[in-house]
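Listing of protein.txt; format and content: compact mmCIF, C-alpha atoms and all ligand atoms.
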# COMPACT_ATOMS: atom_id res chain seq x y z
CA MET A 24 -0.15 -0.70 27.16
CA PRO A 25 -2.03 2.53 27.96
CA GLN A 26 -2.12 5.21 25.25
CA PRO A 27 0.62 7.81 25.76
CA LYS A 28 -0.73 11.20 26.87
CA LEU A 29 0.10 14.84 26.37
CA ILE A 30 -1.01 16.79 29.45
CA LEU A 31 -1.62 20.45 28.67
CA ALA A 32 -0.66 23.42 30.81
CA PRO A 33 -3.57 25.01 32.75
CA GLY A 34 -5.83 27.07 30.46
CA ARG A 35 -4.24 25.73 27.28
CA GLU A 36 -7.23 23.48 26.49
CA ARG A 37 -9.19 26.43 25.10
CA SER A 38 -8.23 26.15 21.46
CA LEU A 39 -8.95 22.41 21.48
CA GLU A 40 -12.34 23.12 23.06
CA ARG A 41 -13.02 25.26 19.98
CA ARG A 42 -11.90 22.21 18.00
CA HIS A 43 -8.82 23.72 16.49
CA PRO A 44 -6.82 20.61 15.52
CA TRP A 45 -3.28 21.74 16.43
CA VAL A 46 -1.52 21.33 19.79
CA PHE A 47 1.47 23.66 20.00
CA ALA A 48 4.60 22.61 21.88
CA SER A 49 4.20 25.58 24.24
CA ALA A 50 0.80 24.26 25.40
CA VAL A 51 2.15 20.89 26.52
CA ALA A 52 3.08 20.65 30.22
CA ARG A 53 4.25 17.05 30.16
CA VAL A 54 4.25 13.81 28.23
CA GLU A 55 3.19 10.52 29.82
CA GLY A 56 4.54 7.35 28.27
CA ALA A 57 7.17 7.43 25.56
CA PRO A 58 5.43 8.21 22.25
CA GLN A 59 7.41 8.12 19.03
CA SER A 60 6.63 10.64 16.30
CA GLY A 61 3.60 9.40 14.38
CA ASP A 62 2.18 7.52 17.38
CA THR A 63 -1.35 8.21 18.54
CA VAL A 64 -1.58 10.09 21.83
CA ASP A 65 -4.46 11.32 23.98
CA ILE A 66 -4.55 15.05 24.67
CA VAL A 67 -5.64 15.73 28.24
CA SER A 68 -6.31 19.02 30.05
CA ALA A 69 -4.42 20.01 33.20
CA ARG A 70 -7.50 18.83 35.14
CA GLY A 71 -7.25 15.39 33.56
CA GLN A 72 -10.14 15.73 31.11
CA PHE A 73 -9.86 13.95 27.71
CA LEU A 74 -9.83 16.48 24.85
CA ALA A 75 -8.76 14.68 21.71
CA ARG A 76 -6.82 11.85 20.11
CA ALA A 77 -3.92 13.05 17.99
CA ALA A 78 -0.75 12.19 16.10
CA TYR A 79 2.43 13.04 17.99
CA SER A 80 5.26 14.90 16.28
CA HIS A 81 8.32 15.33 18.43
CA PRO A 82 10.36 17.64 16.13
CA SER A 83 7.54 20.04 15.22
CA GLN A 84 6.27 23.18 16.96
CA ILE A 85 2.88 21.68 16.13
CA ARG A 86 3.50 18.89 18.62
CA ALA A 87 0.29 17.01 17.85
CA ARG A 88 -2.49 17.11 15.24
CA VAL A 89 -5.96 15.91 16.14
CA TRP A 90 -7.38 12.82 14.46
CA SER A 91 -10.55 12.56 16.53
CA TRP A 92 -12.49 14.36 19.29
CA ASN A 93 -14.03 11.09 20.39
CA SER A 94 -12.40 8.99 23.12
CA ASP A 95 -14.17 5.89 21.79
CA GLU A 96 -12.71 6.17 18.30
CA ALA A 97 -9.67 4.02 17.58
CA ILE A 98 -7.13 5.43 15.12
CA ASP A 99 -6.53 2.54 12.77
CA ALA A 100 -6.83 1.59 9.10
CA ALA A 101 -10.65 1.50 9.32
CA PHE A 102 -10.70 5.04 10.79
CA LEU A 103 -8.55 6.37 7.94
CA ARG A 104 -10.66 4.61 5.36
CA ARG A 105 -13.85 6.18 6.82
CA ARG A 106 -12.39 9.68 6.69
CA LEU A 107 -11.04 9.18 3.16
CA ALA A 108 -14.39 7.85 1.95
CA ALA A 109 -16.21 10.87 3.43
CA ALA A 110 -13.83 13.32 1.76
CA ILE A 111 -14.13 11.59 -1.61
CA ALA A 112 -17.94 11.48 -1.39
CA SER A 113 -17.99 15.23 -0.77
CA ARG A 114 -15.91 15.84 -3.93
CA ARG A 115 -18.15 13.64 -6.06
CA MET A 116 -21.10 15.73 -4.91
CA LEU A 117 -19.49 18.91 -6.30
CA ASN A 118 -19.74 17.72 -9.91
CA LEU A 119 -16.66 19.67 -10.91
CA PRO A 120 -16.12 20.33 -14.63
CA SER A 121 -12.73 18.65 -14.40
CA ASP A 122 -11.27 15.17 -13.95
CA GLY A 123 -8.55 16.74 -11.82
CA MET A 124 -9.42 17.71 -8.26
CA ARG A 125 -8.21 17.66 -4.70
CA LEU A 126 -9.82 14.60 -3.11
CA VAL A 127 -8.46 15.12 0.38
CA HIS A 128 -7.54 18.51 1.87
CA ALA A 129 -5.74 17.55 5.07
CA GLU A 130 -6.99 19.17 8.29
CA SER A 131 -10.16 20.41 6.56
CA ASP A 132 -11.12 16.79 5.85
CA GLY A 133 -10.20 15.59 9.34
CA LEU A 134 -6.98 14.07 8.00
CA PRO A 135 -4.11 16.32 9.16
CA GLY A 136 -1.15 16.26 6.81
CA VAL A 137 -2.86 14.03 4.22
CA VAL A 138 -3.36 15.56 0.77
CA VAL A 139 -4.64 13.55 -2.18
CA ASP A 140 -5.07 14.96 -5.68
CA GLN A 141 -6.75 13.13 -8.52
CA TYR A 142 -5.70 13.50 -12.17
CA GLY A 143 -7.94 11.21 -14.20
CA ASN A 144 -6.86 7.66 -13.38
CA ALA A 145 -3.85 8.78 -11.36
CA LEU A 146 -3.70 9.83 -7.72
CA VAL A 147 -0.97 11.85 -6.07
CA LEU A 148 -0.48 11.51 -2.31
CA GLN A 149 1.33 13.97 -0.07
CA CYS A 150 2.18 13.01 3.51
CA LEU A 151 3.01 16.29 5.20
CA SER A 152 3.03 15.40 8.90
CA TRP A 153 4.28 12.59 11.12
CA GLY A 154 0.76 11.24 11.51
CA ALA A 155 0.30 11.10 7.75
CA GLU A 156 3.72 9.48 7.41
CA ARG A 157 2.83 6.76 9.91
CA TRP A 158 -0.41 5.83 8.12
CA ARG A 159 0.93 6.12 4.57
CA GLU A 160 0.51 2.44 3.62
CA PRO A 161 -3.05 2.04 5.00
CA VAL A 162 -3.98 5.32 3.29
CA ALA A 163 -2.61 4.05 -0.03
CA ASP A 164 -4.49 0.74 0.39
CA ALA A 165 -7.75 2.53 1.15
CA LEU A 166 -7.32 4.85 -1.85
CA MET A 167 -6.75 1.84 -4.12
CA GLU A 168 -9.94 0.31 -2.85
CA LEU A 169 -12.07 3.48 -2.90
CA CYS A 170 -10.88 4.99 -6.22
CA GLN A 171 -9.29 2.10 -8.16
CA PRO A 172 -6.66 4.34 -9.75
CA GLU A 173 -4.10 2.99 -12.20
CA VAL A 174 -1.31 4.57 -10.23
CA ILE A 175 -0.59 6.38 -6.97
CA ILE A 176 2.45 8.65 -7.05
CA GLU A 177 3.86 10.04 -3.82
CA ARG A 178 4.92 13.70 -3.78
CA SER A 179 5.93 14.14 -0.17
CA ASP A 180 8.45 16.81 -1.11
CA ALA A 181 6.70 20.00 0.07
CA ASP A 182 8.78 22.34 2.27
CA VAL A 183 6.51 21.83 5.29
CA ARG A 184 7.94 18.30 5.67
CA GLU A 185 11.14 19.95 6.93
CA LEU A 186 9.30 21.50 9.89
CA GLU A 187 8.31 17.96 10.87
CA GLY A 188 11.90 16.76 10.51
CA LEU A 189 10.85 14.49 7.65
CA PRO A 190 13.02 14.04 4.55
CA PRO A 191 11.43 14.57 1.12
CA ARG A 192 10.15 11.45 -0.63
CA VAL A 193 8.94 11.17 -4.25
CA GLY A 194 8.09 8.00 -6.10
CA LEU A 195 5.73 5.34 -7.25
CA LEU A 196 3.51 4.11 -4.40
CA ARG A 197 1.03 1.80 -6.14
CA GLY A 198 0.34 0.66 -9.71
CA LYS A 199 2.38 1.43 -12.82
CA GLN A 200 4.09 4.66 -13.83
CA PRO A 201 2.15 6.08 -16.81
CA THR A 202 4.17 5.80 -20.02
CA GLY A 203 2.97 8.78 -22.04
CA PRO A 204 2.18 12.31 -20.85
CA LEU A 205 -0.77 12.56 -18.48
CA LEU A 206 -3.56 14.84 -19.62
CA VAL A 207 -6.16 16.29 -17.29
CA THR A 208 -9.38 17.82 -18.61
CA GLU A 209 -10.50 21.08 -17.05
CA ALA A 210 -13.63 22.76 -18.30
CA GLY A 211 -13.23 21.37 -21.80
CA LEU A 212 -9.49 21.97 -22.14
CA GLN A 213 -6.72 19.42 -21.76
CA PHE A 214 -3.58 20.12 -19.78
CA GLU A 215 -0.45 18.03 -19.63
CA VAL A 216 0.60 17.44 -16.03
CA ASP A 217 4.01 16.38 -14.79
CA LEU A 218 3.05 14.41 -11.67
CA SER A 219 6.57 13.61 -10.52
CA GLY A 220 8.37 16.86 -11.28
CA GLY A 221 5.73 19.62 -11.55
CA HIS A 222 4.90 22.18 -8.86
CA LYS A 223 2.78 20.98 -5.93
CA THR A 224 1.32 17.72 -7.25
CA GLY A 225 1.68 18.84 -10.87
CA PHE A 226 -1.08 21.40 -11.46
CA TYR A 227 -2.73 24.28 -9.58
CA LEU A 228 -6.07 22.56 -9.10
CA ASP A 229 -7.22 25.27 -6.68
CA GLN A 230 -7.58 27.80 -9.54
CA CYS A 231 -10.00 25.80 -11.72
CA ALA A 232 -13.08 28.02 -11.23
CA ASN A 233 -10.99 31.19 -11.46
CA ARG A 234 -9.42 30.12 -14.76
CA MET A 235 -12.94 29.54 -16.08
CA LEU A 236 -13.98 32.99 -14.90
CA ALA A 237 -10.95 34.49 -16.65
CA GLY A 238 -11.96 32.69 -19.83
CA SER A 239 -15.49 34.08 -19.62
CA LEU A 240 -14.16 37.65 -19.33
CA ALA A 241 -11.42 37.45 -21.95
CA ALA A 242 -13.25 37.94 -25.28
CA GLY A 243 -11.47 40.42 -27.50
CA ARG A 244 -8.94 41.32 -24.84
CA GLU A 245 -5.18 41.56 -24.96
CA VAL A 246 -4.18 39.46 -21.94
CA LEU A 247 -1.04 39.37 -19.80
CA ASP A 248 -0.76 36.12 -17.79
CA CYS A 249 1.92 36.78 -15.20
CA PHE A 250 3.31 33.78 -13.25
CA SER A 251 1.65 31.67 -15.91
CA TYR A 252 3.16 28.27 -14.96
CA THR A 253 1.82 25.80 -17.56
CA GLY A 254 -0.61 28.30 -19.08
CA GLY A 255 -3.89 27.43 -17.37
CA PHE A 256 -5.20 31.01 -17.40
CA ALA A 257 -3.79 31.83 -20.84
CA ALA A 258 -5.40 28.75 -22.39
CA GLN A 259 -8.82 29.52 -20.92
CA ALA A 260 -8.47 33.14 -22.04
CA LEU A 261 -7.68 32.09 -25.62
CA ARG A 262 -10.58 29.70 -25.63
CA GLY A 263 -12.75 32.55 -24.37
CA GLY A 264 -11.78 34.58 -27.42
CA ALA A 265 -8.84 36.66 -26.19
CA ALA A 266 -7.18 38.64 -28.98
CA HIS A 267 -3.69 37.85 -27.70
CA VAL A 268 -2.03 36.37 -24.60
CA THR A 269 1.42 37.10 -23.17
CA LEU A 270 2.70 34.49 -20.72
CA VAL A 271 5.42 35.41 -18.25
CA ASP A 272 7.19 32.90 -16.00
CA ASP A 273 10.76 32.45 -14.79
CA SER A 274 10.63 28.70 -15.45
CA ALA A 275 11.52 27.79 -19.01
CA ALA A 276 10.20 24.26 -18.44
CA ALA A 277 6.79 25.61 -17.36
CA LEU A 278 6.60 27.81 -20.47
CA GLU A 279 7.47 24.87 -22.74
CA LEU A 280 4.67 22.90 -21.17
CA ALA A 281 2.37 25.91 -21.59
CA ALA A 282 3.15 25.98 -25.31
CA ARG A 283 2.36 22.26 -25.55
CA ASN A 284 -0.89 22.86 -23.67
CA LEU A 285 -2.02 25.42 -26.24
CA ALA A 286 -1.17 22.88 -28.96
CA HIS A 287 -3.07 20.05 -27.20
CA ASN A 288 -6.17 22.22 -27.49
CA SER A 289 -5.54 23.54 -31.01
CA LEU A 290 -5.43 27.07 -29.64
CA PRO A 291 -3.79 29.58 -31.98
CA ALA A 292 -0.05 29.69 -31.24
CA GLY A 293 0.16 32.86 -33.33
CA LYS A 294 -1.83 34.68 -30.65
CA ALA A 295 0.57 33.74 -27.86
CA GLU A 296 3.88 35.19 -26.74
CA PHE A 297 6.10 33.47 -24.13
CA ILE A 298 8.47 35.46 -21.96
CA ASP A 299 10.96 33.66 -19.73
CA GLY A 300 11.88 36.17 -17.05
CA ASP A 301 11.34 37.66 -13.63
CA ALA A 302 7.80 39.05 -13.55
CA PHE A 303 8.82 42.08 -11.47
CA GLN A 304 11.36 43.08 -14.13
CA VAL A 305 9.14 42.25 -17.08
CA LEU A 306 6.30 44.38 -15.65
CA ARG A 307 8.72 47.30 -15.20
CA ARG A 308 10.01 46.87 -18.73
CA PHE A 309 6.46 46.91 -20.10
CA ARG A 310 5.66 50.03 -18.07
CA ASP A 311 8.76 51.82 -19.36
CA ALA A 312 7.92 50.79 -22.92
CA GLY A 313 4.32 52.02 -22.51
CA ARG A 314 2.81 48.60 -23.27
CA GLN A 315 -0.88 48.25 -22.52
CA PHE A 316 -3.23 45.32 -21.88
CA ASP A 317 -6.97 44.79 -21.36
CA MET A 318 -6.57 42.03 -18.81
CA VAL A 319 -3.72 41.23 -16.44
CA ILE A 320 -3.57 38.07 -14.35
CA LEU A 321 -1.24 38.01 -11.36
CA ASP A 322 -0.93 34.59 -9.73
CA PRO A 323 2.41 34.73 -7.92
CA PRO A 324 3.87 32.01 -5.71
CA LYS A 325 3.50 32.20 -1.96
CA PHE A 326 5.32 35.33 -0.76
CA ALA A 327 4.41 34.80 2.92
CA PRO A 328 3.92 31.29 4.27
CA THR A 329 3.37 32.64 7.81
CA ARG A 330 2.10 35.80 9.47
CA ALA A 331 5.67 36.69 10.49
CA THR A 332 6.69 37.18 6.86
CA ALA A 333 3.54 39.11 5.92
CA GLU A 334 5.17 42.55 5.90
CA ARG A 335 7.81 41.74 3.30
CA ALA A 336 5.19 39.90 1.30
CA ALA A 337 2.92 42.97 1.40
CA ARG A 338 5.61 45.01 -0.37
CA GLY A 339 5.90 42.35 -3.07
CA TYR A 340 2.14 42.28 -3.65
CA LYS A 341 1.93 46.07 -3.70
CA ASP A 342 4.76 46.29 -6.24
CA ILE A 343 3.33 43.89 -8.80
CA ASN A 344 -0.25 45.12 -8.40
CA LEU A 345 0.84 48.74 -8.81
CA LEU A 346 2.76 47.86 -11.97
CA ALA A 347 -0.07 45.75 -13.35
CA LEU A 348 -2.68 48.49 -12.77
CA LYS A 349 -0.49 50.92 -14.70
CA LEU A 350 -0.43 48.58 -17.70
CA LEU A 351 -4.22 48.42 -18.00
CA ARG A 352 -6.24 50.38 -20.52
CA LEU A 353 -9.46 52.02 -19.31
CA GLY A 354 -12.06 49.29 -18.76
CA GLY A 355 -9.24 46.82 -18.24
CA LEU A 356 -9.45 43.95 -15.76
CA LEU A 357 -6.94 42.86 -13.15
CA LEU A 358 -7.31 39.33 -11.79
CA THR A 359 -5.01 39.34 -8.79
CA PHE A 360 -4.31 36.53 -6.34
CA SER A 361 -2.50 35.75 -3.14
CA CYS A 362 -1.95 32.21 -1.90
CA SER A 363 0.01 33.34 1.16
CA GLY A 364 -1.46 31.96 4.37
CA GLY A 365 0.09 34.92 6.20
CA VAL A 366 -1.90 37.50 4.19
CA ASP A 367 -5.65 37.28 4.77
CA ALA A 368 -8.36 38.52 2.42
CA ALA A 369 -8.82 41.84 4.25
CA LEU A 370 -5.11 42.63 4.21
CA PHE A 371 -4.83 41.61 0.57
CA GLN A 372 -7.66 43.95 -0.41
CA LYS A 373 -5.97 46.77 1.51
CA ILE A 374 -2.71 46.15 -0.33
CA VAL A 375 -4.45 46.21 -3.73
CA ALA A 376 -6.36 49.37 -2.73
CA GLY A 377 -3.03 51.02 -1.84
CA ALA A 378 -1.60 49.96 -5.19
CA ALA A 379 -4.56 51.49 -7.05
CA LEU A 380 -4.18 54.74 -5.12
CA ASP A 381 -0.48 54.97 -5.95
CA ALA A 382 -1.13 54.01 -9.56
CA GLY A 383 -3.63 56.86 -9.74
CA VAL A 384 -6.47 54.72 -11.09
CA ASP A 385 -10.13 54.40 -10.13
CA ALA A 386 -10.84 50.74 -9.63
CA ARG A 387 -13.56 48.56 -8.19
CA ILE A 388 -14.02 44.94 -7.23
CA LEU A 389 -16.30 42.96 -9.55
CA HIS A 390 -15.73 39.53 -8.04
CA ARG A 391 -14.02 37.95 -5.07
CA MET A 392 -12.36 34.63 -5.74
CA SER A 393 -11.11 31.80 -3.58
CA GLN A 394 -9.92 28.22 -3.78
CA GLY A 395 -12.41 25.75 -5.24
CA GLY A 396 -14.81 23.62 -3.20
CA ASP A 397 -12.47 20.66 -3.59
CA HIS A 398 -10.17 22.62 -1.24
CA PRO A 399 -12.72 23.04 1.56
CA VAL A 400 -12.07 25.06 4.71
CA ALA A 401 -13.14 23.49 8.00
CA LEU A 402 -14.74 26.24 10.09
CA ASN A 403 -12.62 25.19 13.06
CA PHE A 404 -9.48 25.50 10.92
CA PRO A 405 -9.29 28.95 9.25
CA GLU A 406 -5.68 28.18 8.25
CA GLY A 407 -7.19 25.95 5.56
CA GLU A 408 -8.21 29.07 3.64
CA TYR A 409 -5.20 30.35 1.74
CA LEU A 410 -6.17 31.44 -1.77
CA LYS A 411 -7.90 34.75 -2.30
CA GLY A 412 -8.32 36.78 -5.43
CA LEU A 413 -10.03 39.90 -6.73
CA VAL A 414 -11.36 40.81 -10.15
CA ILE A 415 -10.69 44.54 -10.38
CA GLU A 416 -12.05 46.79 -13.09
CA VAL A 417 -10.20 49.97 -13.92
CA SER A 418 -12.69 52.67 -14.82
N1 LIG B 1 -1.32 30.58 -12.69
C1 LIG B 1 -0.74 29.26 -12.68
C2 LIG B 1 -0.02 28.96 -11.38
C3 LIG B 1 1.07 29.93 -11.00
S1 LIG B 1 2.18 29.29 -9.85
C4 LIG B 1 -1.82 28.22 -13.01
O1 LIG B 1 -3.01 28.56 -13.03
O2 LIG B 1 -1.46 27.07 -13.23
C5 LIG B 1 3.42 30.49 -9.78
C6 LIG B 1 4.38 30.51 -10.95
O3 LIG B 1 5.24 31.63 -10.76
C7 LIG B 1 5.30 29.32 -11.11
O4 LIG B 1 5.16 28.79 -12.39
C8 LIG B 1 6.73 29.88 -10.93
O5 LIG B 1 7.65 29.30 -11.84
C9 LIG B 1 6.53 31.33 -11.26
N2 LIG B 1 7.44 32.30 -10.62
C10 LIG B 1 7.88 32.34 -9.36
N3 LIG B 1 8.60 33.47 -9.14
C11 LIG B 1 8.59 34.15 -10.30
C12 LIG B 1 9.12 35.40 -10.72
N4 LIG B 1 9.81 36.19 -9.87
N5 LIG B 1 8.91 35.80 -11.99
C13 LIG B 1 8.21 35.03 -12.85
N6 LIG B 1 7.67 33.85 -12.50
C14 LIG B 1 7.85 33.42 -11.25
As structure tokens - that is how I would like this structure written.
Ligand code: SAH
Amino acid sequence: MPQPKLILAPGRERSLERRHPWVFASAVARVEGAPQSGDTVDIVSARGQFLARAAYSHPSQIRARVWSWNSDEAIDAAFLRRRLAAAIASRRMLNLPSDGMRLVHAESDGLPGVVVDQYGNALVLQCLSWGAERWREPVADALMELCQPEVIIERSDADVRELEGLPPRVGLLRGKQPTGPLLVTEAGLQFEVDLSGGHKTGFYLDQCANRMLAGSLAAGREVLDCFSYTGGFAAQALRGGAAHVTLVDDSAAALELAARNLAHNSLPAGKAEFIDGDAFQVLRRFRDAGRQFDMVILDPPKFAPTRATAERAARGYKDINLLALKLLRLGGLLLTFSCSGGVDAALFQKIVAGAALDAGVDARILHRMSQGGDHPVALNFPEGEYLKGLVIEVS
């Protein structure tokens, strides 16, 4: 049976010619054959020229995601294994100071919708597109062979599954569920990770290098870790010699885990304060009470998943950054992040500059931060870049 085809409207081949791996529904003129979601289809220009081989997704506005630009390449278990092996080899080369890392970063590793995180001997798989869903079992088999983990947990419960019309799925995929708590080592510190119930796949692996940077800047400082989750920044700050850390999060469970994480590393509990509350309100309360810090970390959740929501997100970022800047003593440091795909680095910097102006402080950028190298960004897929951060010094 011939491969089903998506024939594009005239002129709509341009983004594929630049090797952008998404085919939007609006670009498709007609479908030949009767592909089911997850099936492999050939993408063909209006003039009949082969462009790419892709996974079809009927419910999604991203109607197909490219597996290969090569008309000779079959999409099968061997293909997936090759791509997985290449991604994993690239991570091994990085020599990260952690036994937790993202092994496979979806489109940026040529595996749209496939995300694999490693936590020591455990792997966590996310299938976030129809193509990933279709090849789930061969992907799990290849990961067993390539990494020999004790367990693979599936965490296909990210919101983006909804856009594909896929229900959430969480569970054991291979091996045995670990009995005790799972600890991951990051730059000399151990963190307990809840693989089945934690955020994302359990830990914010993308912040590893930035947490280390925070630790290296923290000596003697009074630190406010806002949106602390399980205390990654606070722990590195304490290890770096911070005088005191205040953790703020609106998840009581995350704060409990943060407290355990300090204990796992024999970090002084007496130097830590945990506040369960809305960061916007807590920051205002601190401002009204005249509380001051020498370092503030702002690592909020995604305010703007898409460009369309960027404006509302911008107000949120401006608000918290303005408040945070007002809490800093002279010489204080603000480590501020945005993981919103809809807010790019230039816009984020503009928002923070506006916040500094309104806060009436002189401030400069000491460092620019991004996601770690285990979250690579394919040059043909700028959407893969989502995390940006600034180290700002108030002078
Ligand atoms: N810095 C963390 C990751 C932060 S993730 C790390 O390095 O691991 C964002 C966190 O913000 C989550 O823990 C979430 O519970 C929390 N959160 C979301 N909205 C919040 C709000 N309005 N106030 C306080 N915390 C919030």
Residues within 7 Å of ligand LIG 1 (chain B) should be enumerated using only C-alpha atoms and all ligand atoms and returned as a short mmCIF file (atom, residue, chain, number, x, y, z; two decimals) with C-alpha atoms, keeping the file's coordinate frame.
data_model
loop_
_atom_site.label_atom_id
_atom_site.label_comp_id
_atom_site.auth_asym_id
_atom_site.auth_seq_id
_atom_site.Cartn_x
_atom_site.Cartn_y
_atom_site.Cartn_z
CA PHE A 226 -1.08 21.40 -11.46
CA TYR A 227 -2.73 24.28 -9.58
CA GLN A 230 -7.58 27.80 -9.54
CA ARG A 234 -9.42 30.12 -14.76
CA CYS A 249 1.92 36.78 -15.20
CA PHE A 250 3.31 33.78 -13.25
CA SER A 251 1.65 31.67 -15.91
CA TYR A 252 3.16 28.27 -14.96
CA THR A 253 1.82 25.80 -17.56
CA GLY A 254 -0.61 28.30 -19.08
CA GLY A 255 -3.89 27.43 -17.37
CA PHE A 256 -5.20 31.01 -17.40
CA VAL A 271 5.42 35.41 -18.25
CA ASP A 272 7.19 32.90 -16.00
CA ASP A 273 10.76 32.45 -14.79
CA SER A 274 10.63 28.70 -15.45
CA ALA A 277 6.79 25.61 -17.36
CA GLY A 300 11.88 36.17 -17.05
CA ASP A 301 11.34 37.66 -13.63
CA ALA A 302 7.80 39.05 -13.55
CA PHE A 303 8.82 42.08 -11.47
CA ASP A 322 -0.93 34.59 -9.73
CA PRO A 323 2.41 34.73 -7.92
CA PRO A 324 3.87 32.01 -5.71
#
Considering only C-alpha atoms, tabulate each residue of region 153-243 of chain A that lies at most 12 Å from region 142-148 of chain A along with its nearest interatomic pair and the corresponding distance in Å to one decimal; arrange the rows by chain and ascending residue number and present them as CSV.
residue,atom,partner,partner_atom,distance
A:Ala155,CA,A:Leu148,CA,10.1
A:Glu156,CA,A:Leu148,CA,10.8
A:Trp158,CA,A:Leu148,CA,11.9
A:Arg159,CA,A:Leu148,CA,8.9
A:Glu160,CA,A:Leu148,CA,10.9
A:Val162,CA,A:Leu148,CA,9.1
A:Ala163,CA,A:Leu148,CA,8.1
A:Asp164,CA,A:Leu148,CA,11.8
A:Leu166,CA,A:Leu146,CA,8.5
A:Met167,CA,A:Leu146,CA,9.3
A:Leu169,CA,A:Leu146,CA,11.6
A:Cys170,CA,A:Asn144,CA,8.6
A:Gln171,CA,A:Asn144,CA,8.0
A:Pro172,CA,A:Asn144,CA,4.9
A:Glu173,CA,A:Asn144,CA,5.6
A:Val174,CA,A:Ala145,CA,5.0
A:Ile175,CA,A:Leu146,CA,4.7
A:Ile176,CA,A:Val147,CA,4.8
A:Glu177,CA,A:Leu148,CA,4.8
A:Arg178,CA,A:Leu148,CA,6.0
A:Ser179,CA,A:Leu148,CA,7.3
A:Asp180,CA,A:Leu148,CA,10.5
A:Ala181,CA,A:Leu148,CA,11.4
A:Arg192,CA,A:Leu148,CA,10.8
A:Val193,CA,A:Leu148,CA,9.6
A:Gly194,CA,A:Val147,CA,9.8
A:Leu195,CA,A:Val147,CA,9.4
A:Leu196,CA,A:Leu148,CA,8.7
A:Arg197,CA,A:Leu146,CA,9.5
A:Gly198,CA,A:Ala145,CA,9.3
A:Lys199,CA,A:Ala145,CA,9.7
A:Gln200,CA,A:Ala145,CA,9.3
A:Pro201,CA,A:Ala145,CA,8.5
A:Pro204,CA,A:Tyr142,CA,11.8
A:Leu205,CA,A:Tyr142,CA,8.1
A:Leu206,CA,A:Gly143,CA,7.9
A:Val207,CA,A:Tyr142,CA,5.8
A:Thr208,CA,A:Gly143,CA,8.1
A:Glu209,CA,A:Tyr142,CA,10.2
A:Gln213,CA,A:Gly143,CA,11.2
A:Phe214,CA,A:Tyr142,CA,10.3
A:Glu215,CA,A:Tyr142,CA,10.2
A:Val216,CA,A:Tyr142,CA,8.4
A:Asp217,CA,A:Tyr142,CA,10.5
A:Leu218,CA,A:Val147,CA,7.4
A:Ser219,CA,A:Val147,CA,8.9
A:Gly220,CA,A:Val147,CA,11.8
A:Gly221,CA,A:Val147,CA,11.6
A:Lys223,CA,A:Val147,CA,9.9
A:Thr224,CA,A:Val147,CA,6.4
A:Gly225,CA,A:Val147,CA,8.9
A:Phe226,CA,A:Tyr142,CA,9.2
A:Tyr227,CA,A:Tyr142,CA,11.5
A:Leu228,CA,A:Tyr142,CA,9.6
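Atom to atom, CA of Cys150 (chain A) and CA of Gly136 (chain A) stand 5.7 Å apart.
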Need the shell around region 397-402 of chain A: protein/DNA/RNA residues with any atom at most 6 Å away, counting all atoms listed in the file. Skip same-chain ones fewer than 2 positions apart. Format as a PyMOL selection string?
chain A and resi 114+125+128+131+395+404+407-408
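Atom to atom, CA of Lys411 (chain A) and CA of Arg391 (chain A) stand 7.4 Å apart.
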Quick check, in Å to one decimal: how far apart do CA of Arg35 (chain A) and CA of Ser94 (chain A) lie?
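Distance between the two atoms: 19.1 Å.
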Between A:Pro328, A:Gly263, A:Gly383, A:Gly365, which has the minimum distance to Leu346 (chain A) (counting only C-alpha atoms)?
A:Gly383
Which residue of A:Leu151, A:Ala282, A:Ala77, A:Met116 approaches Val137 (chain A) most closely, using all atoms listed in the file
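Among the listed residues, the smallest separation from Val137 (chain A) belongs to A:Leu151.
Summary of the local environment: counting all atoms listed in the file, residues at most 6 Å from region 376-379 of chain A, other than itself and those fewer than 3 positions away along its chain, are Lys341, Asn344, Leu345, Lys373, Ala382 and Val384 of chain A.
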Restricting the calculation to only C-alpha atoms: of A:Gly264, A:Pro82, A:Gly313, A:Gly339, which residue gets closest to Leu290 (chain A)?
A:Gly264
Find the residue from A:Arg338, A:Phe297, A:Lys325, A:Ser393 that sits nearest to Cys362 (chain A); use all atoms listed in the file when measuring.
A:Lys325
Around the point (4.2, 20.8, 21.9), in the coordinates given by the file, pick out the residues reaching within 12 Å, counting all atoms listed in the file, and return them as an MDAnalysis selection string.
chainID A and resid 28:32 35 45:54 60 66 77:88
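Using all atoms listed in the file, the shortest contact distance between Tyr409 (chain A) and any of A:Ala109, A:Ala368, A:Leu247, A:Val375 is found at A:Ala368.
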So which residues touch Glu245 (chain A) within 7 Å, counting all atoms listed in the file, skipping near sequence neighbours fewer than 3 positions away, as a list in words?
Ala265, Ala266, His267, Val268, Phe316, Asp317 and Met318 of chain A
What would the file look like if the residues just selected were written as a compact mmCIF listing (two decimals), in the coordinates of the input with C-alpha atoms?
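New file selection_6.txt:
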# COMPACT_ATOMS: atom_id res chain seq x y z
CA ALA A 265 -8.84 36.66 -26.19
CA ALA A 266 -7.18 38.64 -28.98
CA HIS A 267 -3.69 37.85 -27.70
CA VAL A 268 -2.03 36.37 -24.60
CA PHE A 316 -3.23 45.32 -21.88
CA ASP A 317 -6.97 44.79 -21.36
CA MET A 318 -6.57 42.03 -18.81
Calculated over all atoms listed in the file, which of the candidates A:Arg283, A:Arg157, A:Arg41, A:Arg115 has the smallest distance to Ile98 (chain A)?
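For Ile98 (chain A), the nearest of the given residues is A:Arg157.
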Where is the centre and how long are the edges: axis-aligned box on region 52-58 of chain A, 6 Å on each side, Å to one decimal, as lines of an AutoDock Vina configuration file:
center_x = 5.1
center_y = 14.0
center_z = 26.2
size_x = 16.1
size_y = 25.3
size_z = 20.0
